[in-house]
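J.: Take a look at the following structure, please.
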Amino acid sequence: MRPAPTLRSCALALGLAATLAHAEAPVCPNPPPAIATDGIMRHAEVAAAVRELAAEIERDRQRAGLASVSVAIVHGETVLLAAGYGCANVARGTPATPDTVYRAGSVTKLFEATALMQLRDAGRLRLDDPVAKSVPEVRFIGVNGERAVPTWRQLASHTSGLPRDVPPVLGTVPSLFQYLERERAVSAPGARYAYSNLGFIVLGASIAEVAGERYHAYVRRHILEPLGMTASTFDPGSVPGDRLAAGYLRLDRTGDGWSGYAAGERNPFPPLGTLLSSANDLSRFIAFQFRQPAPGEAQVLSAGSIREMWRPVAAIGPFGGSAAAIGWLVLPYGPYTMVRKDGGLPGFTVHVALVPEARLGAVAFVNESPQRVRASGAEIARFERLVFERLLPPVTRAAAPAPSAQAAGTVARIDSRAENVSYQRASAGRDGRQSSSP
């Protein structure tokens, strides 16, 4: 049993948190924010709200003492705002821009889920088939010692029953599958939600097996390149030094408190949060969620499959408000639905969120750890409050009265839990012990 904290240790911890929260924010010569002038930005109220948000993000960064923040706000396929604030690398005085490359953490899972849906649409698999039908090695020990085999949907929605993390000693896909054969489930596949990085590593390795090519090569060829995400990569060595953000842990203050952490981490399992990307690149991924292609136009993924990824699979927590979907988390947001994914690694935080009914989305990168961002009191840690509370009212008022074909009925589709058998089954045994996490 751990000893109870003393008053002195609590005071020291509070003092350190206060010191970190009020650390002086570094200043670098950032380029001015890029603000659109066409589309919905022709409405004066929307344009004023976007300009005020651009200024408020920097005020928030300064108040919280964060190293840098890079953001992009998207309406439909138009980038309303793209900006970088502060220093991507404090020691070098490198300014953050919307093209600065950060580690994307668990936002990598969205690309894995997109790859899964591509293979499904190509007829290579069915979401509710056992993964072992295509990849026989995907099996583990059930809660009662029986053989447990998850489906593709269960792996992609954290309902596979697999534990949270994978031991760092595993270095190859064969060793992963050998380990999996001896692993014991924390719950029966499909029984409930439990966040699992291990599950997504198994999913990525299985996608590669079905696709017949290495995971990162598949993602690059079928998702990144078609979307024009040229800055996104799994190889930190390919990123020019002046575009690569250093991450900051700031757990111990040394010198002026800014001790950089390498943006790249070599990992044998690319699905484990190893994508590097930029605000401008992820704005393209957000715009892709709202795209309305012309008939016959080649698509990375159909609009119907994109919406299907937002459909709840299992409730998260004891109250059933938020739910896990395919790669995403979905939750009610006033009269809207929010679709989001956060990512976090040592020295890096990222938020991606969409409000499909308003065709509004946003991404923010910070080169500091999620715990540090939250402890700083930064509004960017409450991304929906910082961005969507400001922009949704004017955007909604300015939008055309008739909703787009893709947005129409979105809430009804992704919130139709009563007709969703997998949701009902996985939510029956839900508990709040494992929340959604980067």
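Each chain of the structure tokens is named A, B, ... in the order shown, its residues numbered from 1; ligands are numbered from 1 in display order.
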Mind checking DSSP for segment 71-262 of chain A and telling me the strand (DSSP E) residues as a PyMOL selection string?

T.: chain A and resi 71-75+78-89+94-95+102-103+140-141+147-148+247-248+260-261

J.: How would the residues just chosen look if you wrote them out with C-alpha atoms as an mmCIF file, in the first residue's frame?

T.:
data_model
loop_
_atom_site.group_PDB
_atom_site.id
_atom_site.type_symbol
_atom_site.label_atom_id
_atom_site.label_comp_id
_atom_site.auth_asym_id
_atom_site.auth_seq_id
_atom_site.Cartn_x
_atom_site.Cartn_y
_atom_site.Cartn_z
ATOM 1 C CA VAL A 71 -4.305 25.228 -35.138
ATOM 2 C CA ALA A 72 -6.577 24.916 -38.149
ATOM 3 C CA ILE A 73 -10.333 25.570 -38.275
ATOM 4 C CA VAL A 74 -12.323 24.123 -41.186
ATOM 5 C CA HIS A 75 -15.844 24.767 -42.470
ATOM 6 C CA THR A 78 -12.614 25.760 -46.551
ATOM 7 C CA VAL A 79 -9.861 26.391 -43.993
ATOM 8 C CA LEU A 80 -11.128 29.417 -42.065
ATOM 9 C CA LEU A 81 -8.011 29.793 -39.905
ATOM 10 C CA ALA A 82 -4.529 28.261 -39.963
ATOM 11 C CA ALA A 83 -1.968 29.592 -37.494
ATOM 12 C CA GLY A 84 1.028 28.839 -35.327
ATOM 13 C CA TYR A 85 1.880 30.549 -32.039
ATOM 14 C CA GLY A 86 5.013 30.414 -29.895
ATOM 15 C CA CYS A 87 8.094 28.285 -30.472
ATOM 16 C CA ALA A 88 8.282 24.871 -32.102
ATOM 17 C CA ASN A 89 11.822 24.662 -30.709
ATOM 18 C CA THR A 94 12.048 28.163 -34.314
ATOM 19 C CA PRO A 95 8.604 29.707 -34.739
ATOM 20 C CA TYR A 102 4.181 17.365 -34.306
ATOM 21 C CA ARG A 103 3.640 13.840 -33.048
ATOM 22 C CA PHE A 140 -6.402 -14.827 -27.049
ATOM 23 C CA ILE A 141 -7.571 -16.316 -23.761
ATOM 24 C CA ARG A 147 -10.617 -19.047 -26.810
ATOM 25 C CA ALA A 148 -11.633 -15.457 -27.523
ATOM 26 C CA GLY A 247 8.221 18.249 -27.286
ATOM 27 C CA TYR A 248 8.516 19.625 -23.750
ATOM 28 C CA GLY A 260 13.294 19.482 -25.502
ATOM 29 C CA TYR A 261 12.111 15.931 -26.093
#

J.: So that I can check the surroundings of Val350 of chain A, please list as a compact mmCIF listing (two decimals) with C-alpha atoms, in the first residue's frame every protein, DNA and RNA residue that reaches within 10 Å of it, counting only C-alpha atoms and ignoring chain neighbours fewer than 5 positions away.

T.:
# COMPACT_ATOMS: atom_id res chain seq x y z
CA VAL A 69 0.12 25.92 -30.34
CA SER A 70 -0.67 25.23 -34.01
CA VAL A 71 -4.31 25.23 -35.14
CA TYR A 102 4.18 17.36 -34.31
CA ARG A 103 3.64 13.84 -33.05
CA ALA A 104 -0.04 12.99 -33.51
CA GLY A 105 -0.33 10.32 -30.80
CA SER A 106 -3.58 8.39 -30.83
CA VAL A 107 -4.98 10.48 -33.67
CA ALA A 279 -2.28 21.48 -38.54
CA LYS A 341 -10.27 12.13 -31.08
CA ASP A 342 -7.51 13.30 -28.76
CA GLY A 343 -3.90 12.21 -28.75
CA GLY A 344 -1.17 12.51 -26.19
CA LEU A 345 2.44 11.38 -25.82
CA VAL A 363 -7.40 20.60 -34.93
CA ALA A 364 -4.88 21.88 -32.40
CA PHE A 365 -1.35 20.71 -31.63
CA VAL A 366 0.64 21.63 -28.52
CA ASN A 367 4.26 20.57 -28.00
CA GLU A 368 3.71 19.79 -24.31
CA SER A 369 2.31 16.71 -22.56
CA PRO A 370 -1.46 16.45 -21.94
CA ILE A 380 -6.93 24.76 -25.37
CA ALA A 381 -7.28 21.79 -22.99
CA PHE A 383 -10.95 22.48 -27.03
CA PRO A 438 -5.02 9.35 -25.94

J.: Would you mind listing what lies within 10 Å of segment 228-244 of chain A as an MDAnalysis selection string, with only C-alpha atoms counted and same-chain residues fewer than 3 positions away left out?

T.: chainID A and resid 88:89 92:104 108 216:217 219:220 223:225 247 262:267 270:271 273:285

J.: Give me a file of those residues, with C-alpha atoms, as a PDB file, in the first residue's frame.

T.:
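This went into again_28.pdb:
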ATOM      1  CA  ALA A  88       8.282  24.871 -32.102  1.00  0.00           C
ATOM      2  CA  ASN A  89      11.822  24.662 -30.709  1.00  0.00           C
ATOM      3  CA  ARG A  92      16.630  27.261 -31.656  1.00  0.00           C
ATOM      4  CA  GLY A  93      14.031  30.023 -31.644  1.00  0.00           C
ATOM      5  CA  THR A  94      12.048  28.163 -34.314  1.00  0.00           C
ATOM      6  CA  PRO A  95       8.604  29.707 -34.739  1.00  0.00           C
ATOM      7  CA  ALA A  96       5.546  27.461 -34.820  1.00  0.00           C
ATOM      8  CA  THR A  97       3.493  27.624 -38.019  1.00  0.00           C
ATOM      9  CA  PRO A  98       0.510  25.651 -39.345  1.00  0.00           C
ATOM     10  CA  ASP A  99       3.086  23.539 -41.209  1.00  0.00           C
ATOM     11  CA  THR A 100       5.069  22.622 -38.074  1.00  0.00           C
ATOM     12  CA  VAL A 101       5.138  18.834 -37.688  1.00  0.00           C
ATOM     13  CA  TYR A 102       4.181  17.365 -34.306  1.00  0.00           C
ATOM     14  CA  ARG A 103       3.640  13.840 -33.048  1.00  0.00           C
ATOM     15  CA  ALA A 104      -0.035  12.990 -33.511  1.00  0.00           C
ATOM     16  CA  THR A 108      -3.049   7.852 -35.660  1.00  0.00           C
ATOM     17  CA  HIS A 216       2.589   2.628 -42.960  1.00  0.00           C
ATOM     18  CA  ALA A 217       3.022   2.035 -46.713  1.00  0.00           C
ATOM     19  CA  VAL A 219      -1.698   4.437 -45.104  1.00  0.00           C
ATOM     20  CA  ARG A 220       0.676   6.599 -47.126  1.00  0.00           C
ATOM     21  CA  ILE A 223      -4.887   7.947 -47.451  1.00  0.00           C
ATOM     22  CA  LEU A 224      -2.062  10.460 -46.994  1.00  0.00           C
ATOM     23  CA  GLU A 225      -1.058  10.872 -50.647  1.00  0.00           C
ATOM     24  CA  GLY A 247       8.221  18.249 -27.286  1.00  0.00           C
ATOM     25  CA  ALA A 262      12.635  14.283 -29.479  1.00  0.00           C
ATOM     26  CA  ALA A 263       9.583  14.379 -31.714  1.00  0.00           C
ATOM     27  CA  GLY A 264      10.379  11.032 -33.276  1.00  0.00           C
ATOM     28  CA  GLU A 265      10.233   7.686 -31.566  1.00  0.00           C
ATOM     29  CA  ARG A 266      11.189   4.491 -33.319  1.00  0.00           C
ATOM     30  CA  ASN A 267       8.510   1.900 -32.726  1.00  0.00           C
ATOM     31  CA  PRO A 270       3.329   2.065 -36.513  1.00  0.00           C
ATOM     32  CA  PRO A 271      -0.323   2.059 -35.334  1.00  0.00           C
ATOM     33  CA  GLY A 273       0.684   6.665 -32.147  1.00  0.00           C
ATOM     34  CA  THR A 274       3.699   7.106 -34.409  1.00  0.00           C
ATOM     35  CA  LEU A 275       2.190   9.360 -37.099  1.00  0.00           C
ATOM     36  CA  LEU A 276       3.665  12.848 -37.333  1.00  0.00           C
ATOM     37  CA  SER A 277       1.519  15.555 -38.891  1.00  0.00           C
ATOM     38  CA  SER A 278       0.762  19.276 -39.029  1.00  0.00           C
ATOM     39  CA  ALA A 279      -2.284  21.479 -38.544  1.00  0.00           C
ATOM     40  CA  ASN A 280      -2.449  22.171 -42.277  1.00  0.00           C
ATOM     41  CA  ASP A 281      -2.282  18.462 -43.102  1.00  0.00           C
ATOM     42  CA  LEU A 282      -4.947  17.490 -40.585  1.00  0.00           C
ATOM     43  CA  SER A 283      -7.157  20.289 -41.938  1.00  0.00           C
ATOM     44  CA  ARG A 284      -7.189  18.269 -45.174  1.00  0.00           C
ATOM     45  CA  PHE A 285      -8.271  15.181 -43.232  1.00  0.00           C
TER      46      PHE A 285
END

J.: Which of these, A:Tyr179, A:Asp128, A:Glu384, A:Gly347, has the shortest distance to Ala245 of chain A once you count only C-alpha atoms?

T.: A:Gly347

J.: I need the residues in segment 215-367 of chain A that are alpha helix (DSSP H) according to DSSP; give them as a ChimeraX atom specification.

T.: /A:215-219,279-290,303-309

J.: Which residues come within 7 Å of segment 50-67 of chain A, counting only C-alpha atoms, excluding same-chain residues fewer than 4 positions away, as a list in words?

T.: Ala21, His22, Ala23, Glu24, Ala25, Pro26, Val46, Tyr85, Gly86, Cys87, Asn367, Ser376, Gly377, Ala378 and Glu379 of chain A

J.: Here is a test: counting only C-alpha atoms, which residue of A:Ser305, A:Thr337, A:Gln292, A:Ser175 is nearest to Gly321 of chain A?

T.: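 Among the listed residues, A:Thr337 lies closest to Gly321 of chain A.
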
J.: Give me, as a PyMOL selection string, all polymer residues having an atom no more than 6 Å from Ala185 of chain A, counting only C-alpha atoms and skipping those fewer than 6 positions away in the same chain.

T.: chain A and resi 142-143+161-162

J.: So which residues touch Pro150 of chain A within 10 Å, counting only C-alpha atoms, skipping near sequence neighbours fewer than 4 positions away, as a list of chain:residue names?

T.: A:Asp128, A:Asp129, A:Pro130, A:Val131, A:Ala132, A:Val138, A:Arg139, A:Phe140, A:Gln154, A:Leu155, A:Thr159, A:Ser160, A:Gly161, A:Leu162, A:Ala188, A:Pro189, A:Gly190, A:Gly199

J.: For the residues in the current selection, export N, CA and C atoms as a JSON list (two decimals), in the first residue's frame.

T.:
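Output file selection-v6.json follows:
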[["chain", "number", "residue", "atom", "x", "y", "z"],
["A", 128, "ASP", "N", -18.21, -7.28, -38.93],
["A", 128, "ASP", "CA", -18.65, -8.16, -37.85],
["A", 128, "ASP", "C", -18.18, -9.60, -38.03],
["A", 129, "ASP", "N", -17.26, -9.81, -38.97],
["A", 129, "ASP", "CA", -16.59, -11.11, -39.06],
["A", 129, "ASP", "C", -15.51, -11.20, -38.00],
["A", 130, "PRO", "N", -15.24, -12.39, -37.47],
["A", 130, "PRO", "CA", -14.07, -12.55, -36.60],
["A", 130, "PRO", "C", -12.80, -12.23, -37.38],
["A", 131, "VAL", "N", -11.89, -11.49, -36.77],
["A", 131, "VAL", "CA", -10.64, -11.15, -37.44],
["A", 131, "VAL", "C", -9.88, -12.42, -37.82],
["A", 132, "ALA", "N", -10.01, -13.46, -36.98],
["A", 132, "ALA", "CA", -9.30, -14.72, -37.23],
["A", 132, "ALA", "C", -9.72, -15.40, -38.52],
["A", 138, "VAL", "N", -5.06, -14.03, -34.67],
["A", 138, "VAL", "CA", -5.74, -13.10, -33.76],
["A", 138, "VAL", "C", -6.72, -13.87, -32.89],
["A", 139, "ARG", "N", -6.21, -14.33, -31.79],
["A", 139, "ARG", "CA", -6.99, -15.04, -30.78],
["A", 139, "ARG", "C", -6.27, -14.90, -29.45],
["A", 140, "PHE", "N", -7.01, -14.94, -28.37],
["A", 140, "PHE", "CA", -6.40, -14.83, -27.05],
["A", 140, "PHE", "C", -7.27, -15.59, -26.05],
["A", 154, "GLN", "N", -15.05, -4.66, -33.21],
["A", 154, "GLN", "CA", -14.69, -4.62, -31.79],
["A", 154, "GLN", "C", -13.28, -4.09, -31.59],
["A", 155, "LEU", "N", -12.33, -4.50, -32.41],
["A", 155, "LEU", "CA", -10.98, -3.97, -32.30],
["A", 155, "LEU", "C", -10.97, -2.46, -32.53],
["A", 159, "THR", "N", -13.80, -2.43, -27.93],
["A", 159, "THR", "CA", -14.69, -3.39, -27.27],
["A", 159, "THR", "C", -14.21, -4.82, -27.49],
["A", 160, "SER", "N", -12.93, -4.99, -27.80],
["A", 160, "SER", "CA", -12.39, -6.33, -28.08],
["A", 160, "SER", "C", -12.19, -7.16, -26.83],
["A", 161, "GLY", "N", -12.10, -6.49, -25.66],
["A", 161, "GLY", "CA", -11.80, -7.19, -24.42],
["A", 161, "GLY", "C", -10.32, -7.26, -24.11],
["A", 162, "LEU", "N", -9.46, -6.75, -25.01],
["A", 162, "LEU", "CA", -8.02, -6.78, -24.77],
["A", 162, "LEU", "C", -7.61, -5.71, -23.75],
["A", 188, "ALA", "N", -15.21, -10.14, -22.13],
["A", 188, "ALA", "CA", -15.53, -10.89, -23.34],
["A", 188, "ALA", "C", -15.60, -9.94, -24.52],
["A", 189, "PRO", "N", -15.13, -10.33, -25.71],
["A", 189, "PRO", "CA", -15.24, -9.46, -26.88],
["A", 189, "PRO", "C", -16.69, -9.01, -27.10],
["A", 190, "GLY", "N", -16.86, -7.69, -27.26],
["A", 190, "GLY", "CA", -18.18, -7.13, -27.49],
["A", 190, "GLY", "C", -18.97, -6.85, -26.24],
["A", 199, "GLY", "N", -5.31, -3.40, -28.62],
["A", 199, "GLY", "CA", -6.31, -3.75, -29.62],
["A", 199, "GLY", "C", -6.05, -3.07, -30.96]]

J.: Can you work out the spacing between atom CA of Gly212 of chain A and atom CA of Tyr195 of chain A in Å, to one decimal?

T.: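 Between atom CA of Gly212 of chain A and atom CA of Tyr195 of chain A the gap is 27.3 Å.
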
J.: Taking 5 positions as the minimum chain separation for residues in the same chain, which residues sit within 9 Å of Leu125 of chain A when counting only C-alpha atoms? Answer as a ChimeraX atom specification.

T.: /A:116,119-120,131,134,152,210

J.: If you keep C-alpha atoms, can you produce a file of those selected residues as a PDB file, in the first residue's frame?

T.:
ATOM      1  CA  LEU A 116     -10.239  -0.647 -42.146  1.00  0.00           C
ATOM      2  CA  LEU A 119     -10.810  -2.674 -47.002  1.00  0.00           C
ATOM      3  CA  ARG A 120     -14.412  -3.319 -45.979  1.00  0.00           C
ATOM      4  CA  VAL A 131     -10.638 -11.146 -37.440  1.00  0.00           C
ATOM      5  CA  SER A 134      -8.648 -13.504 -42.272  1.00  0.00           C
ATOM      6  CA  TRP A 152     -12.955  -6.041 -36.747  1.00  0.00           C
ATOM      7  CA  VAL A 210      -5.217  -8.402 -45.333  1.00  0.00           C
TER       8      VAL A 210
END
